[in-house]
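These notes concern the structure reproduced below.
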Amino acid sequence: MQRNLNHTKICVIEKVIDETPTVRTLIFSDDVMSSVLPGQFAMVWIPGINELPMSVMIAQESGKAAFTVRKHGPASTGLFNVKVGQQIGVRGPYGNSFDLKQGKLLLVGGGTGLVPMMRLLTHIKPNDDVTVLIGAKSKNEVFFEDLANDLLKNNPHRVIITTDDGTYGEKGFVTSMVEKLVNETRFDGIYTCGPEIMMYKTVQLAHSRGLFVQASLERMMKCGVGICGSCCVGEDLVCKDGTVFDGDHLILNMEFGHFHRNKAGILENY
Amino acid sequence: MEPSLVTSIGKIQLEKPAMLASGILGISLDVFNRLYRSGAGAVVSKSLSTEPWDGYPNPTIFGINGGGWINAVGLSNPGAPNFAKMIEPNKDVPIIISLVGSIPEDFSTMIKQFKNSKVIAYELNLSCPHVAKVGLEVGDDPDLVKKIVSTVKNSTHVPVIAKVGLGTTHYLNTVSAAVDSGIDAITAINTIRAIAIDVETQRPILSNKFGGLSGTPIKPIALRCVYEISSKYDIPIIGCGGISTWEDAIEFILAGASAIQIGSAIGDNWIHVFNDINNGILQYMKRKGYSKINEMIGLAKKS
Ligand SMILES: Cc1cc2nc3c(=O)[nH]c(=O)nc-3n(C[C@H](O)[C@H](O)[C@H](O)COP(=O)(O)OP(=O)(O)OC[C@H]3O[C@@H](n4cnc5c(N)ncnc54)[C@H](O)[C@@H]3O)c2cc1C
Ligand SMILES: Cc1cc2nc3c(=O)[nH]c(=O)nc-3n(C[C@H](O)[C@H](O)[C@H](O)COP(=O)(O)O)c2cc1C
Ligand code: FES
């Protein structure tokens, strides 16, 4: 029987990698999750605790996939604490994916928003000239720098790190660096995932210069399949129409960059 | 002449017979507008309570192998006052407001909060199977149903619909109580109490353990309820439960429904489902020579 993608599939954690003191990557075997498109996500069940939307992370071996989780509230902390040999449930994949452009590409990621960026790197063409911009608060929160360099070893590329406090890489907000880069280079494609304020500024900067830009949004998700409505941004449903949206569509959405909805569905300011 | 999809549920007039069921995609006016453009004849809001509710923790929904869903979203909603404010700018969309509460005053209080909003009807949720003190626990008490319906009918001139489901009291007793108290229409049915257990971890999947079963598995049951209600009572009926194709929609109309609601099928086929069903009904009407929906309502009972 064909697998029902909405039916929770149990997977066993095979390996745990500490990325930073608060970020871990959990690796498991699953054919469906190992081959998802960049931007797609899964609903991840931590038995007895909760179920969370998570971007699907790459794992170097074929047939394997991963989640990279930052410990935050009770649910993500539950996932962060899952040990090798323990079971989690996955359903999906859900959502659309980035449109791949060729040429000069800029990827802007913040925190666990880097996860879809890493998967995007596995889809680029050999001649693409790729700039990866990683934003973090400080040095001990930087991760995936080596992985990005490794995935790009056969491409013309650079990986730029910015830290808010200047303890590593360039000092300042990631968006100041985006501004500098888009003023220097006419990128053929810009992709971003991370805190919404960061994506909002990136989209504005790119869009105002007529550059192609796409962002992968995060919203409160309960169903992941377009039934519950909890993930709406204006008239868009992030789980179904997204997670990836074009910049020229987003720029017209009055909620993007300004509001999100809480668990009861009430709009709150960012 | 092109057949017409216009239908009426008592005093409620709809351009098209398929509407959005309560609890599905229902928290933003922008989304309502989009569904209306996609061919929905009306949209029913999430069931609203007097105060905002977060609902249950995830997992709140689960896809059954073989089709259908079990959900325990837990009536998460922004609360009637917030919702009323949000829909005030509405001009075009026929909105039905679904309400949950435990006592008659909950319902009348909320209805007052919608005085500045354009609303074509209220639907009383007497049938949610997975939240204590509201929904089915209310629907299972025919005396309480009578009190609620009478109070609500005294607080508004807008038509009022009762949504029933399968609880511990026979649902026809709930229908009977609602009809006796002057209800304008019945929606049948809500989800049916159910559970899903994961065999590997050996525990229920939903955080609330129990949830409501919806989608294709409940269609024959929902259809039976519509047939039974329309055989026993002279009351307009809105059919709901597992409708995902135009054939399903026609079945409910032939069983006695004046209109239908679509929920789970949106999770399977996305919002194109409204246009697909509308077009399918139109083609069927052409082929069979009907010009109006009401020529088909209840035809399956003729023999
Ligand atoms: C498409 C998508 C992909 C994601 N990918 C990743 C990822 O790869 N790695 C990662 O660490 N995190 C990811 N997240 C965020 C993650 O789902 C949680 O929001 C976050 O881990 C905080 O959860 P918590 O319950 O621990 O926090 P809590 O303390 O319970 O809540 C803090 C905030 O987290 C958010 N949140 C809580 N539950 C949910 C939920 N069910 N859906 C959405 N937001 C929620 C809310 O904004 C809430 O206010 C993703 C979210 C989405 C929507
Ligand atoms: C996720 C979800 C949430 C629901 N929330 C509500 C609700 O708030 N109020 C209500 O009256 N019915 C609610 N229902 C029930 C539906 O309106 C409908 O009666 C039921 O799902 C059967 O129709 P379907 O098979 O087309 O989904 C919900 C159903 C689902 C799947
Ligand atoms: S998460 Fe339920 S509609 Fe998107």
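Please note that chains go A, B, ... in the order of the structure tokens, that every chain numbers its residues from 1, and that ligands are numbered from 1 in the order shown.
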Subject >> region 265-278 of chain B environment, 9 Å, only C-alpha atoms, sequence neighbours closer than 3 positions dropped, as JSON, numbers by chain >> reply: {"A": [225, 226, 227, 240], "B": [5, 16, 17, 18, 19, 20, 24, 35, 38, 39, 40, 41, 68, 215, 216, 242, 243, 244, 245, 246, 247, 248, 249, 262, 281, 282, 283]}
Original post:
Residues within 6 Å of ligand 3 (only C-alpha atoms and all ligand atoms), as a list in words?
Top reply: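 Written in the requested form, the residues are Met221, Lys222, Cys223, Gly224, Val225, Gly226, Ile227, Cys228, Gly229, Ser230, Cys231, Leu237, Val238 and Cys239 of chain A.
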Take the residues just selected and output them with N, CA, C and O atoms as an mmCIF file, in the first residue's frame.
data_model
loop_
_atom_site.group_PDB
_atom_site.id
_atom_site.type_symbol
_atom_site.label_atom_id
_atom_site.label_comp_id
_atom_site.auth_asym_id
_atom_site.auth_seq_id
_atom_site.Cartn_x
_atom_site.Cartn_y
_atom_site.Cartn_z
ATOM 1 N N MET A 221 1.378 26.290 13.457
ATOM 2 C CA MET A 221 0.779 25.231 12.640
ATOM 3 C C MET A 221 0.191 24.142 13.512
ATOM 4 O O MET A 221 0.834 23.670 14.450
ATOM 5 N N LYS A 222 -1.022 23.759 13.182
ATOM 6 C CA LYS A 222 -1.660 22.667 13.913
ATOM 7 C C LYS A 222 -1.840 21.462 13.007
ATOM 8 O O LYS A 222 -1.538 20.357 13.382
ATOM 9 N N CYS A 223 -2.364 21.687 11.787
ATOM 10 C CA CYS A 223 -2.657 20.530 10.930
ATOM 11 C C CYS A 223 -1.581 20.305 9.866
ATOM 12 O O CYS A 223 -1.262 19.182 9.539
ATOM 13 N N GLY A 224 -1.050 21.362 9.283
ATOM 14 C CA GLY A 224 -0.066 21.235 8.213
ATOM 15 C C GLY A 224 -0.663 20.926 6.856
ATOM 16 O O GLY A 224 0.062 20.855 5.860
ATOM 17 N N VAL A 225 -1.987 20.722 6.788
ATOM 18 C CA VAL A 225 -2.590 20.269 5.533
ATOM 19 C C VAL A 225 -3.659 21.227 4.998
ATOM 20 O O VAL A 225 -4.390 20.899 4.071
ATOM 21 N N GLY A 226 -3.772 22.414 5.580
ATOM 22 C CA GLY A 226 -4.744 23.371 5.055
ATOM 23 C C GLY A 226 -6.151 23.160 5.566
ATOM 24 O O GLY A 226 -7.114 23.480 4.871
ATOM 25 N N ILE A 227 -6.311 22.626 6.754
ATOM 26 C CA ILE A 227 -7.655 22.457 7.317
ATOM 27 C C ILE A 227 -7.913 23.446 8.458
ATOM 28 O O ILE A 227 -8.968 24.056 8.537
ATOM 29 N N CYS A 228 -6.944 23.599 9.353
ATOM 30 C CA CYS A 228 -7.241 24.299 10.614
ATOM 31 C C CYS A 228 -7.207 25.817 10.497
ATOM 32 O O CYS A 228 -7.822 26.516 11.286
ATOM 33 N N GLY A 229 -6.471 26.341 9.532
ATOM 34 C CA GLY A 229 -6.436 27.792 9.329
ATOM 35 C C GLY A 229 -5.452 28.534 10.216
ATOM 36 O O GLY A 229 -5.271 29.741 10.060
ATOM 37 N N SER A 230 -4.793 27.844 11.144
ATOM 38 C CA SER A 230 -3.970 28.564 12.123
ATOM 39 C C SER A 230 -2.754 29.247 11.504
ATOM 40 O O SER A 230 -2.203 30.167 12.075
ATOM 41 N N CYS A 231 -2.339 28.809 10.312
ATOM 42 C CA CYS A 231 -1.097 29.342 9.728
ATOM 43 C C CYS A 231 -1.336 30.472 8.735
ATOM 44 O O CYS A 231 -0.439 30.793 7.964
ATOM 45 N N LEU A 237 -2.208 30.562 3.128
ATOM 46 C CA LEU A 237 -1.987 29.550 4.153
ATOM 47 C C LEU A 237 -0.549 29.080 4.000
ATOM 48 O O LEU A 237 -0.194 28.527 2.945
ATOM 49 N N VAL A 238 0.262 29.276 5.024
ATOM 50 C CA VAL A 238 1.692 28.966 4.903
ATOM 51 C C VAL A 238 1.910 27.479 4.632
ATOM 52 O O VAL A 238 2.757 27.103 3.837
ATOM 53 N N CYS A 239 1.097 26.616 5.257
ATOM 54 C CA CYS A 239 1.332 25.178 5.093
ATOM 55 C C CYS A 239 0.994 24.702 3.684
ATOM 56 O O CYS A 239 1.531 23.705 3.231
#
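Here CA of Asn262 (chain A) and CA of Met220 (chain A) stand 6.9 Å from one another.
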**OP:** Return the neighbours of chain B among the residues of chain A, cut-off 10 Å, counting only C-alpha atoms, as a VMD selection string.
**Re:** chain A and resid 1 to 11 43 to 52 75 86 to 89 91 221 to 237 240 261 to 267
Original post:
Got a sec to tell me which of region 54-285 of chain B DSSP assigns to alpha helix (DSSP H), as a ChimeraX atom specification?
Top reply: /B:80-87,104-113,136-139,142-155,171-180,219-232,246-255,265-269,273-285
Subject >> Backbone-only DSSP, strand (DSSP E or B) members of region 33-251 of chain A, as a PyMOL selection string >> reply: chain A and resi 41-46+50-55+57-58+64-70+87-94+104-110+129-136+157-163+170-171+189-193+213-216+232-233+236-237+244-246
**OP:** Extract, using only C-alpha atoms, all DNA, RNA and protein residues at most 10 Å from Lys115 (chain B), discarding same-chain residues fewer than 4 positions from it, and format them as a ChimeraX atom specification.
**Re:** /B:84,88,110-111,119,156
**OP:** For each of A:Gly135, A:Val182, A:Gly39, A:Asn154, take the minimum atom-to-atom distance to Gly166 (chain A), counting only C-alpha atoms, then give the residue where this is smallest.
**Re:**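 That would be A:Gly135, the residue with the smallest distance to Gly166 (chain A).
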Subject >> Shell around region 116-132 of chain A at 6 Å using only C-alpha atoms, local window under 4 positions removed, as an NGL selection string >> reply: :A and (38-39 or 58 or 102-107 or 155-159)
For the residues in that selection, give me N, CA, C and O atoms as a compact mmCIF listing (two decimals), in the first residue's frame.
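Generated output (result17.txt):
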# COMPACT_ATOMS: atom_id res chain seq x y z
N PRO A 38 13.71 21.62 -1.09
CA PRO A 38 14.08 22.68 -0.14
C PRO A 38 12.91 23.62 0.12
O PRO A 38 12.31 24.16 -0.81
N GLY A 39 12.56 23.80 1.39
CA GLY A 39 11.41 24.63 1.75
C GLY A 39 10.29 23.80 2.35
O GLY A 39 9.42 24.30 3.03
N ILE A 58 19.08 18.10 5.70
CA ILE A 58 19.78 17.07 4.94
C ILE A 58 20.62 16.20 5.88
O ILE A 58 20.99 16.62 6.96
N GLN A 102 19.51 30.35 -11.74
CA GLN A 102 20.93 30.04 -11.94
C GLN A 102 21.74 31.30 -12.08
O GLN A 102 21.22 32.34 -12.49
N GLY A 103 23.02 31.23 -11.72
CA GLY A 103 23.89 32.40 -11.85
C GLY A 103 24.40 32.82 -10.51
O GLY A 103 24.94 32.01 -9.74
N LYS A 104 24.20 34.11 -10.19
CA LYS A 104 24.67 34.64 -8.91
C LYS A 104 23.55 34.53 -7.88
O LYS A 104 22.49 35.15 -8.03
N LEU A 105 23.78 33.71 -6.86
CA LEU A 105 22.74 33.45 -5.87
C LEU A 105 23.17 33.94 -4.49
O LEU A 105 24.34 33.82 -4.12
N LEU A 106 22.19 34.48 -3.76
CA LEU A 106 22.44 34.90 -2.38
C LEU A 106 21.45 34.17 -1.46
O LEU A 106 20.24 34.24 -1.67
N LEU A 107 21.99 33.47 -0.47
CA LEU A 107 21.15 32.77 0.51
C LEU A 107 21.34 33.44 1.86
O LEU A 107 22.48 33.56 2.33
N ASN A 155 31.93 24.96 -6.17
CA ASN A 155 31.36 26.17 -6.78
C ASN A 155 32.18 27.39 -6.40
O ASN A 155 32.78 27.42 -5.34
N PRO A 156 32.15 28.42 -7.28
CA PRO A 156 32.64 29.72 -6.80
C PRO A 156 31.72 30.15 -5.66
O PRO A 156 30.49 30.12 -5.83
N HIS A 157 32.28 30.48 -4.52
CA HIS A 157 31.39 30.80 -3.40
C HIS A 157 32.09 31.56 -2.29
O HIS A 157 33.33 31.62 -2.23
N ARG A 158 31.28 32.13 -1.41
CA ARG A 158 31.78 32.65 -0.13
C ARG A 158 30.70 32.47 0.93
O ARG A 158 29.50 32.52 0.61
N VAL A 159 31.15 32.22 2.14
CA VAL A 159 30.22 32.11 3.28
C VAL A 159 30.57 33.25 4.22
O VAL A 159 31.69 33.35 4.71
Original post:
Any idea what the distance is between CA of Tyr191 (chain A) and CA of Gly109 (chain A)?
Top reply: 8.3 Å
Original post:
With distances taken over only C-alpha atoms and all ligand atoms, which of A:Val178, A:Met54, A:Val32, A:Ala66 is nearest to ligand 1?
Top reply: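 Among the listed residues, A:Met54 lies closest to ligand 1.
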Original post:
What is the atom 34 (O, counted along the ligand's line) of ligand 1 to CA of Pro53 (chain A) distance in Å?
Top reply: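 The value is 10.1 Å.
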